[in-house]
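The file protein_35.cif contains mmCIF, C-alpha atoms:
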data_input
#
loop_
_atom_site.label_atom_id
_atom_site.label_comp_id
_atom_site.auth_asym_id
_atom_site.auth_seq_id
_atom_site.Cartn_x
_atom_site.Cartn_y
_atom_site.Cartn_z
CA MET Y 191 -6.28 -4.17 13.50
CA ALA Y 192 -3.76 -2.52 15.84
CA ARG Y 193 -5.17 -0.95 19.03
CA ILE Y 194 -3.48 2.17 20.42
CA CYS Y 195 -3.65 3.58 23.96
CA LEU Y 196 -3.40 7.39 23.75
CA ILE Y 197 -2.76 9.31 27.01
CA GLU Y 198 -3.03 13.05 26.37
CA ASP Y 199 -4.80 15.72 28.47
CA ASP Y 200 -4.58 18.53 25.90
CA PRO Y 201 -8.05 18.39 24.25
CA ILE Y 202 -6.90 19.93 20.96
CA MET Y 203 -3.85 17.72 20.54
CA GLY Y 204 -5.72 14.66 21.80
CA GLU Y 205 -8.60 15.17 19.38
CA SER Y 206 -6.22 15.73 16.47
CA LEU Y 207 -4.28 12.57 17.28
CA ALA Y 208 -7.44 10.51 17.82
CA ASP Y 209 -8.97 11.67 14.54
CA ARG Y 210 -5.78 10.98 12.59
CA PHE Y 211 -5.20 7.49 13.98
CA LEU Y 212 -8.85 6.54 13.42
CA LEU Y 213 -8.63 7.81 9.85
CA GLU Y 214 -5.45 5.76 9.40
CA GLY Y 215 -7.41 2.66 10.40
CA PHE Y 216 -6.20 2.10 13.96
CA ALA Y 217 -8.47 1.29 16.88
CA LEU Y 218 -7.79 3.79 19.64
CA ASP Y 219 -8.68 4.44 23.29
CA TRP Y 220 -8.04 8.03 24.43
CA PHE Y 221 -7.39 8.77 28.11
CA LYS Y 222 -6.94 12.29 29.49
CA ARG Y 223 -5.41 11.15 32.78
CA GLY Y 224 -2.78 8.63 33.72
CA ALA Y 225 -4.70 6.62 36.33
CA PRO Y 226 -7.53 5.34 34.09
CA ALA Y 227 -5.01 4.65 31.34
CA LEU Y 228 -2.92 2.61 33.78
CA GLN Y 229 -6.01 0.60 34.75
CA ALA Y 230 -6.83 -0.02 31.09
CA LEU Y 231 -3.27 -1.19 30.40
CA ARG Y 232 -3.64 -3.77 33.16
CA GLU Y 233 -6.99 -5.04 31.86
CA GLN Y 234 -6.60 -5.22 28.09
CA ALA Y 235 -3.99 -5.65 25.40
CA TYR Y 236 -2.67 -2.76 23.34
CA ASP Y 237 -0.25 -2.83 20.44
CA ALA Y 238 1.33 0.52 21.35
CA VAL Y 239 1.02 3.34 23.87
CA ILE Y 240 1.42 7.05 23.06
CA SER Y 241 1.71 9.13 26.21
CA ASP Y 242 2.47 12.74 27.01
CA VAL Y 243 5.13 13.05 29.70
CA ARG Y 244 3.16 15.70 31.59
CA LEU Y 245 -0.33 14.62 32.77
CA PRO Y 246 -2.70 16.07 35.42
CA ASP Y 247 -2.33 13.19 37.89
CA LEU Y 248 0.33 10.57 37.19
CA SER Y 249 3.14 11.52 34.85
CA GLY Y 250 3.66 9.57 31.65
CA GLU Y 251 6.82 8.03 33.08
CA GLU Y 252 4.93 6.91 36.21
CA VAL Y 253 2.34 5.20 34.01
CA PHE Y 254 5.17 3.50 32.13
CA LEU Y 255 6.98 2.33 35.25
CA GLN Y 256 3.87 1.17 37.12
CA ALA Y 257 2.42 -0.62 34.09
CA GLY Y 258 5.69 -2.49 33.71
CA GLY Y 259 5.87 -3.63 37.31
CA ALA Y 260 5.96 -7.27 38.38
CA ASP Y 261 7.46 -8.27 35.03
CA ALA Y 262 4.27 -7.33 33.18
CA ALA Y 263 4.57 -7.52 29.39
CA LEU Y 264 4.42 -3.95 28.14
CA PRO Y 265 3.40 -2.80 24.67
CA PRO Y 266 5.85 -0.41 22.98
CA PHE Y 267 5.74 3.04 24.64
CA LEU Y 268 6.24 6.26 22.70
CA PHE Y 269 6.43 9.55 24.64
CA ILE Y 270 5.35 13.04 23.64
CA THR Y 271 7.54 15.61 25.35
CA ALA Y 272 8.30 19.31 25.40
CA TYR Y 273 11.88 20.32 24.70
CA ALA Y 274 12.52 20.94 28.41
CA SER Y 275 11.53 17.36 29.24
CA VAL Y 276 13.68 15.58 26.67
CA ASP Y 277 16.06 14.34 29.36
CA ARG Y 278 13.16 12.56 31.10
CA ALA Y 279 12.12 10.92 27.83
CA VAL Y 280 15.68 9.79 27.17
CA GLU Y 281 15.80 8.27 30.65
CA MET Y 282 12.64 6.32 29.82
CA LEU Y 283 14.32 5.01 26.65
CA LYS Y 284 17.07 3.59 28.87
CA ARG Y 285 14.38 1.84 30.92
CA GLY Y 286 12.73 0.23 27.91
CA ALA Y 287 10.53 2.84 26.19
CA ARG Y 288 10.79 2.66 22.42
CA ASP Y 289 10.80 6.24 21.13
CA TYR Y 290 9.74 9.85 21.71
CA VAL Y 291 8.71 12.94 19.71
CA THR Y 292 9.28 16.54 20.72
CA LYS Y 293 6.57 19.18 20.52
CA PRO Y 294 5.73 20.58 18.04
CA PHE Y 295 5.80 17.45 15.89
CA ASP Y 296 4.39 16.24 12.58
CA ILE Y 297 1.45 13.88 13.15
CA GLY Y 298 2.29 11.98 9.98
CA GLU Y 299 5.78 11.32 11.33
CA LEU Y 300 4.24 10.04 14.57
CA VAL Y 301 1.91 7.73 12.60
CA GLY Y 302 4.96 6.38 10.75
CA LYS Y 303 6.77 5.66 14.03
CA VAL Y 304 3.74 3.83 15.41
CA ARG Y 305 3.42 1.74 12.26
CA GLN Y 306 7.02 0.66 12.68
CA LEU Y 307 6.40 -0.21 16.33
CA VAL Y 308 3.31 -2.35 15.79
CA GLY Y 309 4.75 -4.14 12.74
CA PRO Y 310 2.43 -6.87 11.40
CA ALA Y 311 -0.40 -5.59 13.60
CA ALA Y 312 -0.42 -2.31 11.67
CA ALA Y 313 -3.77 -0.74 11.02
CA ALA Y 314 -5.97 -1.99 8.28
CA ALA Y 315 -7.04 0.73 5.88
CA PRO Y 316 -10.51 1.98 6.87
CA ALA Y 317 -11.34 2.02 3.21
CA ALA Y 318 -11.31 -1.76 3.12
CA ALA Y 319 -14.49 -1.89 5.19
CA ALA Y 320 -16.32 0.29 2.70
CA GLY Y 321 -16.45 -2.43 0.06
CA VAL Y 322 -14.66 -3.53 -3.07
CA LEU Y 323 -15.82 -0.83 -5.46
CA GLY Y 324 -16.12 2.25 -3.28
CA ALA Y 325 -17.56 3.96 -0.21
CA SER Y 326 -20.15 6.14 -1.98
CA PRO Y 327 -23.84 5.18 -2.07
CA ALA Y 328 -23.65 4.85 -5.88
CA MET Y 329 -20.77 2.37 -5.80
CA ARG Y 330 -22.23 0.44 -2.90
CA ALA Y 331 -25.47 0.10 -4.85
CA LEU Y 332 -23.53 -1.27 -7.83
CA GLU Y 333 -21.69 -3.68 -5.56
CA ALA Y 334 -25.00 -4.90 -4.14
CA GLN Y 335 -26.29 -5.62 -7.66
CA ALA Y 336 -23.11 -7.25 -8.88
CA PRO Y 337 -23.51 -10.80 -7.49
CA ARG Y 338 -26.92 -11.33 -9.10
CA ILE Y 339 -25.75 -9.88 -12.41
CA ALA Y 340 -22.58 -11.98 -12.38
CA ALA Y 341 -24.63 -15.13 -11.84
CA ARG Y 342 -27.31 -14.47 -14.46
CA ALA Y 343 -26.33 -12.03 -17.22
CA PRO Y 344 -24.27 -13.36 -20.16
CA THR Y 345 -23.98 -9.85 -21.64
CA VAL Y 346 -23.50 -6.59 -19.74
CA LEU Y 347 -23.07 -2.97 -20.84
CA ILE Y 348 -21.08 -0.60 -18.62
CA THR Y 349 -21.26 3.11 -19.34
CA GLY Y 350 -19.30 5.99 -17.85
CA GLU Y 351 -16.74 8.66 -18.58
CA SER Y 352 -13.20 7.69 -19.52
CA GLY Y 353 -11.19 6.76 -16.47
CA SER Y 354 -14.21 6.21 -14.21
CA GLY Y 355 -13.40 2.55 -13.50
CA LYS Y 356 -15.35 0.54 -16.08
CA GLU Y 357 -12.71 -2.19 -16.33
CA VAL Y 358 -12.49 -2.45 -12.54
CA LEU Y 359 -16.24 -3.14 -12.43
CA ALA Y 360 -15.92 -5.65 -15.27
CA ARG Y 361 -13.14 -7.52 -13.44
CA HIS Y 362 -15.27 -7.54 -10.28
CA LEU Y 363 -18.15 -9.17 -12.15
CA HIS Y 364 -15.73 -11.69 -13.61
CA ALA Y 365 -14.30 -12.53 -10.17
CA LEU Y 366 -17.81 -13.02 -8.76
CA ALA Y 367 -18.74 -15.34 -11.63
CA HIS Y 368 -15.61 -17.51 -11.19
CA PRO Y 369 -14.84 -17.57 -7.45
CA GLN Y 370 -13.20 -20.98 -7.31
CA ARG Y 371 -11.40 -21.46 -10.59
CA ALA Y 372 -8.99 -19.61 -12.82
CA ALA Y 373 -10.94 -18.39 -15.84
CA PRO Y 374 -9.56 -16.06 -18.52
CA PHE Y 375 -10.36 -12.36 -18.49
CA VAL Y 376 -9.51 -10.87 -21.88
CA ALA Y 377 -9.65 -7.07 -22.18
CA VAL Y 378 -9.77 -5.44 -25.60
CA ASN Y 379 -9.81 -1.71 -26.35
CA CYS Y 380 -11.76 -1.55 -29.59
CA GLY Y 381 -10.52 1.96 -30.28
CA ALA Y 382 -6.84 1.09 -29.92
CA ILE Y 383 -6.56 -1.64 -32.59
CA PRO Y 384 -6.09 -0.46 -36.21
CA GLU Y 385 -9.24 -1.10 -38.23
CA PRO Y 386 -7.61 -3.51 -40.75
CA MET Y 387 -6.46 -5.73 -37.86
CA ILE Y 388 -9.37 -5.71 -35.46
CA GLU Y 389 -11.50 -8.33 -37.24
CA ALA Y 390 -8.71 -10.90 -37.10
CA ALA Y 391 -7.90 -9.88 -33.52
CA LEU Y 392 -11.47 -10.46 -32.35
CA PHE Y 393 -12.46 -13.50 -34.37
CA GLY Y 394 -9.14 -15.15 -35.24
CA HIS Y 395 -7.87 -16.42 -38.60
CA GLU Y 396 -6.70 -19.53 -40.37
CA ARG Y 397 -3.31 -19.94 -41.98
CA GLY Y 398 -3.22 -18.09 -45.31
CA ALA Y 399 -6.42 -16.15 -44.61
CA TYR Y 400 -4.59 -12.99 -45.65
CA THR Y 401 -1.07 -11.91 -46.55
CA GLY Y 402 1.18 -12.48 -43.56
CA ALA Y 403 -1.11 -15.02 -41.86
CA GLU Y 404 1.56 -17.73 -41.63
CA ARG Y 405 -0.28 -19.80 -39.02
CA ALA Y 406 -3.76 -20.19 -37.60
CA ARG Y 407 -4.56 -18.06 -34.55
CA LYS Y 408 -7.39 -17.88 -32.06
CA GLY Y 409 -9.15 -14.54 -31.72
CA HIS Y 410 -10.10 -12.85 -28.47
CA PHE Y 411 -13.48 -14.61 -28.37
CA GLU Y 412 -11.84 -18.03 -28.36
CA GLN Y 413 -9.11 -16.87 -25.96
CA ALA Y 414 -11.81 -15.91 -23.46
CA GLU Y 415 -13.52 -19.32 -23.63
CA GLY Y 416 -15.00 -20.19 -20.26
CA GLY Y 417 -14.35 -16.69 -18.90
CA THR Y 418 -15.01 -13.07 -19.79
CA LEU Y 419 -14.34 -10.94 -22.86
CA PHE Y 420 -14.28 -7.23 -22.01
CA LEU Y 421 -14.85 -5.04 -25.08
CA ASP Y 422 -13.97 -1.49 -24.06
CA GLU Y 423 -14.97 1.46 -26.27
CA ILE Y 424 -17.46 -0.70 -28.15
CA ALA Y 425 -18.84 2.37 -29.96
CA GLU Y 426 -15.58 2.63 -31.93
CA LEU Y 427 -16.36 -0.50 -33.99
CA GLY Y 428 -17.29 0.20 -37.59
CA PRO Y 429 -20.59 -1.03 -39.14
CA PRO Y 430 -19.19 -4.25 -40.72
CA LEU Y 431 -17.71 -5.37 -37.41
CA GLN Y 432 -20.92 -4.48 -35.60
CA VAL Y 433 -22.74 -6.95 -37.87
CA ARG Y 434 -20.25 -9.73 -37.12
CA LEU Y 435 -20.36 -9.01 -33.38
CA LEU Y 436 -24.14 -9.16 -33.39
CA ARG Y 437 -24.05 -12.56 -35.07
CA VAL Y 438 -21.58 -13.94 -32.53
CA LEU Y 439 -23.64 -12.66 -29.60
CA GLN Y 440 -26.80 -14.17 -31.04
CA ASP Y 441 -25.41 -17.57 -32.02
CA ARG Y 442 -22.55 -17.89 -29.53
CA ARG Y 443 -20.41 -19.20 -32.37
CA VAL Y 444 -17.27 -17.72 -33.96
CA GLN Y 445 -15.97 -18.23 -37.47
CA ARG Y 446 -12.31 -17.39 -38.00
CA LEU Y 447 -11.21 -15.49 -41.09
CA GLY Y 448 -10.55 -18.01 -43.83
CA ALA Y 449 -12.39 -20.84 -42.00
CA GLU Y 450 -15.19 -22.87 -43.55
CA SER Y 451 -17.04 -23.53 -40.31
CA SER Y 452 -17.68 -21.90 -36.97
CA VAL Y 453 -16.92 -23.04 -33.43
CA ALA Y 454 -19.09 -22.66 -30.33
CA VAL Y 455 -17.91 -20.29 -27.59
CA ASP Y 456 -19.06 -20.19 -23.98
CA LEU Y 457 -18.18 -16.90 -22.32
CA ARG Y 458 -19.53 -13.71 -20.82
CA VAL Y 459 -19.24 -10.54 -22.92
CA ILE Y 460 -19.00 -7.20 -21.10
CA CYS Y 461 -19.10 -4.12 -23.32
CA ALA Y 462 -18.18 -0.62 -22.20
CA THR Y 463 -18.30 2.86 -23.65
CA HIS Y 464 -18.03 6.50 -22.63
CA ARG Y 465 -20.39 7.51 -25.44
CA ASP Y 466 -24.18 7.87 -25.39
CA LEU Y 467 -25.13 4.79 -27.42
CA ARG Y 468 -28.76 5.90 -27.81
CA ALA Y 469 -27.53 9.10 -29.43
CA GLN Y 470 -25.17 7.02 -31.59
CA VAL Y 471 -28.10 4.86 -32.71
CA ALA Y 472 -30.19 7.95 -33.52
CA ALA Y 473 -27.30 9.33 -35.56
CA GLY Y 474 -26.92 6.06 -37.49
CA ALA Y 475 -23.42 5.43 -36.11
CA PHE Y 476 -24.37 2.35 -34.06
CA ARG Y 477 -26.70 -0.49 -35.01
CA GLU Y 478 -29.97 -0.48 -33.09
CA ASP Y 479 -30.20 -4.28 -33.02
CA LEU Y 480 -26.69 -4.56 -31.57
CA PHE Y 481 -27.53 -1.89 -29.00
CA TYR Y 482 -30.46 -3.91 -27.70
CA ARG Y 483 -28.43 -7.11 -27.76
CA ILE Y 484 -25.68 -5.69 -25.50
CA ASN Y 485 -27.97 -3.49 -23.38
CA VAL Y 486 -29.89 -6.25 -21.60
CA VAL Y 487 -28.24 -5.13 -18.34
CA GLN Y 488 -26.69 -1.67 -18.16
CA LEU Y 489 -24.51 -0.46 -15.28
CA ALA Y 490 -23.81 3.28 -15.23
CA LEU Y 491 -20.66 4.45 -13.44
CA PRO Y 492 -20.94 8.06 -12.21
CA PRO Y 493 -17.88 10.28 -12.64
CA LEU Y 494 -15.63 10.71 -9.62
CA ARG Y 495 -16.75 14.33 -9.09
CA GLU Y 496 -20.27 13.03 -8.34
CA ARG Y 497 -19.11 10.58 -5.66
CA PRO Y 498 -16.81 12.54 -3.34
CA GLU Y 499 -17.00 9.79 -0.70
CA ASP Y 500 -14.81 7.67 -2.98
CA VAL Y 501 -11.99 10.20 -3.38
CA LEU Y 502 -10.18 9.59 -0.08
CA TRP Y 503 -11.19 5.91 -0.15
CA LEU Y 504 -9.47 5.47 -3.51
CA ALA Y 505 -6.52 7.64 -2.51
CA GLN Y 506 -5.86 5.36 0.47
CA ARG Y 507 -5.99 2.26 -1.73
CA PHE Y 508 -3.58 3.82 -4.24
CA LEU Y 509 -1.19 4.84 -1.45
CA ILE Y 510 -1.11 1.24 -0.23
CA GLU Y 511 -0.72 -0.03 -3.79
CA GLN Y 512 2.27 2.25 -4.40
CA ALA Y 513 3.84 1.28 -1.07
CA ARG Y 514 3.72 -2.38 -2.07
CA ARG Y 515 5.15 -1.59 -5.49
CA LEU Y 516 7.99 0.50 -4.08
CA GLY Y 517 8.62 -1.77 -1.08
CA GLU Y 518 8.13 0.96 1.52
CA ALA Y 519 5.72 1.97 4.29
CA PRO Y 520 2.44 3.49 3.04
CA ARG Y 521 2.47 7.27 2.77
CA SER Y 522 -0.23 9.38 4.40
CA LEU Y 523 -1.85 12.70 3.48
CA THR Y 524 -1.79 16.05 5.24
CA PRO Y 525 -5.14 17.74 5.98
CA ASP Y 526 -4.50 20.24 3.18
CA ALA Y 527 -3.87 17.33 0.78
CA ARG Y 528 -7.19 15.73 1.74
CA ALA Y 529 -8.98 19.04 1.29
CA ALA Y 530 -7.34 19.57 -2.11
CA LEU Y 531 -8.34 16.09 -3.26
CA LEU Y 532 -11.95 16.72 -2.25
CA ALA Y 533 -12.05 20.17 -3.87
CA HIS Y 534 -10.59 19.03 -7.22
CA ARG Y 535 -13.09 18.37 -10.02
CA TRP Y 536 -11.29 15.26 -11.42
CA PRO Y 537 -11.81 15.68 -15.17
CA GLY Y 538 -9.71 12.53 -15.63
CA ASN Y 539 -11.70 10.64 -13.01
CA VAL Y 540 -10.15 7.70 -11.12
CA ARG Y 541 -7.35 7.40 -13.66
CA GLU Y 542 -6.23 10.97 -12.89
CA LEU Y 543 -6.37 10.32 -9.14
CA ARG Y 544 -4.23 7.21 -9.48
CA ASN Y 545 -1.75 9.11 -11.64
CA ARG Y 546 -1.41 11.95 -9.13
CA ILE Y 547 -0.89 9.56 -6.21
CA GLU Y 548 1.67 7.50 -8.15
CA ARG Y 549 3.56 10.60 -9.26
CA ALA Y 550 3.66 12.04 -5.73
CA CYS Y 551 4.91 8.74 -4.29
CA VAL Y 552 7.70 8.63 -6.87
CA LEU Y 553 8.85 12.25 -6.61
CA SER Y 554 8.33 13.09 -2.94
CA SER Y 555 10.77 11.91 -0.28
CA GLN Y 556 8.33 12.74 2.53
CA ALA Y 557 6.29 10.17 4.47
CA VAL Y 558 3.34 12.56 4.47
CA LEU Y 559 2.19 13.96 1.12
CA SER Y 560 0.99 17.56 0.90
CA ALA Y 561 -1.32 19.28 -1.55
CA ALA Y 562 1.75 20.66 -3.34
CA ASP Y 563 3.06 17.11 -3.85
CA LEU Y 564 -0.22 16.14 -5.52
CA PHE Y 565 -0.96 19.27 -7.53
CA ASP Y 566 2.29 21.26 -7.77
CA GLY Y 567 0.38 24.05 -6.05
CA THR Y 568 -1.46 24.96 -9.25
CA ALA Y 569 -4.40 22.65 -9.85
CA THR Y 570 -6.31 22.52 -6.58
CA ARG Y 571 -8.84 25.24 -7.34
CA ALA Y 572 -12.29 24.20 -8.50
CA PRO Y 573 -13.85 26.18 -11.38
CA ALA Y 574 -15.55 29.42 -10.44
CA GLY Y 575 -18.95 28.87 -8.89
CA GLU Y 576 -18.31 25.20 -8.15
CA LEU Y 577 -16.17 25.41 -5.00
CA PRO Y 578 -18.23 24.15 -2.04
CA THR Y 579 -18.77 26.47 0.90
CA LEU Y 580 -16.80 25.72 4.06
CA GLU Y 581 -20.02 24.58 5.73
CA ALA Y 582 -20.81 22.19 2.86
CA PHE Y 583 -17.25 20.86 2.80
CA MET Y 584 -17.19 20.24 6.56
CA ALA Y 585 -20.61 18.58 6.44
CA GLU Y 586 -19.52 16.20 3.67
CA ALA Y 587 -16.27 15.41 5.50
CA GLU Y 588 -18.20 14.66 8.70
CA ARG Y 589 -20.72 12.49 6.84
CA SER Y 590 -17.98 10.46 5.13
CA TYR Y 591 -16.10 10.02 8.39
CA LEU Y 592 -19.17 8.88 10.32
CA GLN Y 593 -20.04 6.41 7.58
CA ALA Y 594 -16.48 5.01 7.53
CA VAL Y 595 -16.41 4.57 11.32
CA LEU Y 596 -19.82 2.86 11.32
CA GLN Y 597 -18.66 0.51 8.60
CA ARG Y 598 -15.46 -0.29 10.46
CA PHE Y 599 -17.47 -1.26 13.55
CA ASP Y 600 -19.91 -3.29 11.41
CA GLY Y 601 -22.75 -0.89 12.18
CA ARG Y 602 -22.42 -1.27 15.99
CA VAL Y 603 -23.56 2.17 17.07
CA GLY Y 604 -22.35 1.86 20.65
CA ALA Y 605 -18.82 0.91 19.64
CA ALA Y 606 -18.70 3.56 16.91
CA ALA Y 607 -19.98 6.26 19.28
CA ALA Y 608 -17.39 5.30 21.88
CA ALA Y 609 -14.57 5.47 19.32
CA LEU Y 610 -15.84 8.87 18.15
CA GLY Y 611 -16.12 10.17 21.72
CA ILE Y 612 -19.80 11.06 21.36
CA SER Y 613 -23.03 9.63 22.74
CA ARG Y 614 -25.16 7.05 20.92
CA LYS Y 615 -27.94 9.65 20.71
CA THR Y 616 -25.63 12.17 19.05
CA LEU Y 617 -24.45 9.57 16.55
CA TRP Y 618 -28.02 8.58 15.69
CA GLU Y 619 -29.02 12.22 15.21
CA LYS Y 620 -26.03 12.97 12.99
CA SER Y 621 -26.61 9.80 10.97
CA LYS Y 622 -30.23 10.72 10.42
CA ARG Y 623 -29.27 14.28 9.42
CA TYR Y 624 -26.78 13.02 6.82
CA GLY Y 625 -29.10 10.34 5.45
CA LEU Y 626 -26.77 7.45 6.15
CA ARG Y 627 -28.12 4.12 4.92
CA ALA Y 628 -30.30 2.22 7.34
CA ASP Y 629 -28.09 -0.87 7.09
CA ASP Y 630 -25.17 1.15 8.43
CA LEU Y 631 -27.09 1.56 11.68
CA PRO Y 632 -28.43 -1.73 13.04
CA ALA Y 633 -29.50 -1.68 16.64
CA ALA Y 634 -26.51 -2.37 18.87
#

Can you give me the file's structure in the form of structure tokens?
Amino acid sequence: MARICLIEDDPIMGESLADRFLLEGFALDWFKRGAPALQALREQAYDAVISDVRLPDLSGEEVFLQAGGADAALPPFLFITAYASVDRAVEMLKRGARDYVTKPFDIGELVGKVRQLVGPAAAAAPAAAAGVLGASPAMRALEAQAPRIAARAPTVLITGESGSGKEVLARHLHALAHPQRAAPFVAVNCGAIPEPMIEAALFGHERGAYTGAERARKGHFEQAEGGTLFLDEIAELGPPLQVRLLRVLQDRRVQRLGAESSVAVDLRVICATHRDLRAQVAAGAFREDLFYRINVVQLALPPLRERPEDVLWLAQRFLIEQARRLGEAPRSLTPDARAALLAHRWPGNVRELRNRIERACVLSSQAVLSAADLFDGTATRAPAGELPTLEAFMAEAERSYLQAVLQRFDGRVGAAAAALGISRKTLWEKSKRYGLRADDLPAA
């Protein structure tokens, strides 16, 4: 993780820069005067220095020149300057400084410059510390359950709205179950395969089993041998196929269409649906015996609107994903974009969020994405009566931020408090007020 030395005496600008760089995943030490910053530069290593030219004691250029004395190895310096001081900043470039920005400047642009300066030491996304599935309590609880389920449950049912991440959870269980070997993960959308073809697709067929079957073919059950078969939208299977599926799950044997005998299969079966299967059973649309067979372990994924802590966590992951795909530096989000993401109700869940991030990364030429890039300025309003108050929004933002910082410092309260610029006591009190998990706050 890249560590930044920030030297800025303006409390408003300094706080804004500190908050942004911490949110971007950098470690950061903020100094309001040049002398203590100079001492810190002599005692510890930094990946980059951001310094205002004008400071109350030493000037930014004096810090730069004194820190570089006696052939000391200097980290890249980037100056913040007013228009009237541009000549001084340019002079520092001639002496070895790397870049400067002129007030007023875009913080996202500054973040981009720093990322280019630190190169491979660039900040790790803070989201990565939150876990594999998410930062919210609900997703962290699922992640805590996952290893035991992956080791012991041959059949799992995952429920949740469309687009909420059911296949992501299924793949996580699969990865936990097969950490050291390549095992097949076969995903099948039961609602996407035409009914006349789905039986052969699932169970396979022998040559000549039906018109057009010119050669024998393994079905998805046999293809997933030794791994995981993920049956999405399981409620879309018709009654005859439900009977066959029940038999396979009971006997762990598959008989291809047109075959005279069955073959044993060893695999995990994960079923998923956005429907209420109990209601389907009551209505006679889903077999009760099959329901109990697949519902030994049920994992319920809440919709994205019920886990706001995951919105910015996921957005950051998708920004990084798109940067890798497009071969460019990761984009960042303006404050109004973050606010819009948190205010949106996400009827399409995680799938909609991914789509909006991908679309914005393709269409926008800016390094920092705004709310208009994500929503075209039309879709950021929550339905009437559902928009959180400013107090509630700020409280949730503070809670999520505190939790992310604690996670990044592995629960070390002293280090987290220092990074936040508050006392340990204040951090404890805020954590207690927001009901942060006890394991976020070990004694430190």

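When all atoms listed in the file are used to measure the gap to Leu307 (chain Y), the shortest distance among Y:Ala505, Y:Leu268, Y:Val322, Y:Leu447 belongs to Y:Leu268.
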
Self-check item: Which of Y:Leu255, Y:Val459, Y:Ala235, Y:Leu523 sits closest to Pro344 (chain Y) [using only C-alpha atoms]
Solution: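 Result for the nearest residue to Pro344 (chain Y): Y:Val459.
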
Quiz item: CA of Glu518 (chain Y) and CA of Glu198 (chain Y), how far apart in Å?
Solution: 29.8 Å

Coordinates of box centre and edge lengths for region 485-503 of chain Y, 4 Å on every side, axis-aligned, as JSON:
{"center_x": -20.0, "center_y": 4.0, "center_z": -11.7, "size_x": 27.7, "size_y": 28.6, "size_z": 31.3}

Quiz item: From the list Y:Gly402, Y:Pro337, Y:Pro498, Y:Pro384, which residue is nearest Pro369 (chain Y) when using only C-alpha atoms?
Solution: Y:Pro337

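Each of Y:Leu347, Y:Val438, Y:Ala606, Y:Ala373 was checked against Asp466 (chain Y) using all atoms listed in the file; the smallest atom-to-atom distance is that of Y:Leu347.
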
Quiz item: If you apply the PyMOL selection byres ((chain Y and resi 433) around 12) to this file, what residues do you get, as a count of residues only?
Solution: 21

Quiz prompt | Nearby residues (all atoms listed in the file) at most 12 Å from region 272-288 of chain Y, same-chain spacing under 4 positions excluded, as a PyMOL selection string | solution = chain Y and resi 238-244+249-255+257-259+263-268+292-295+303-304+306-308
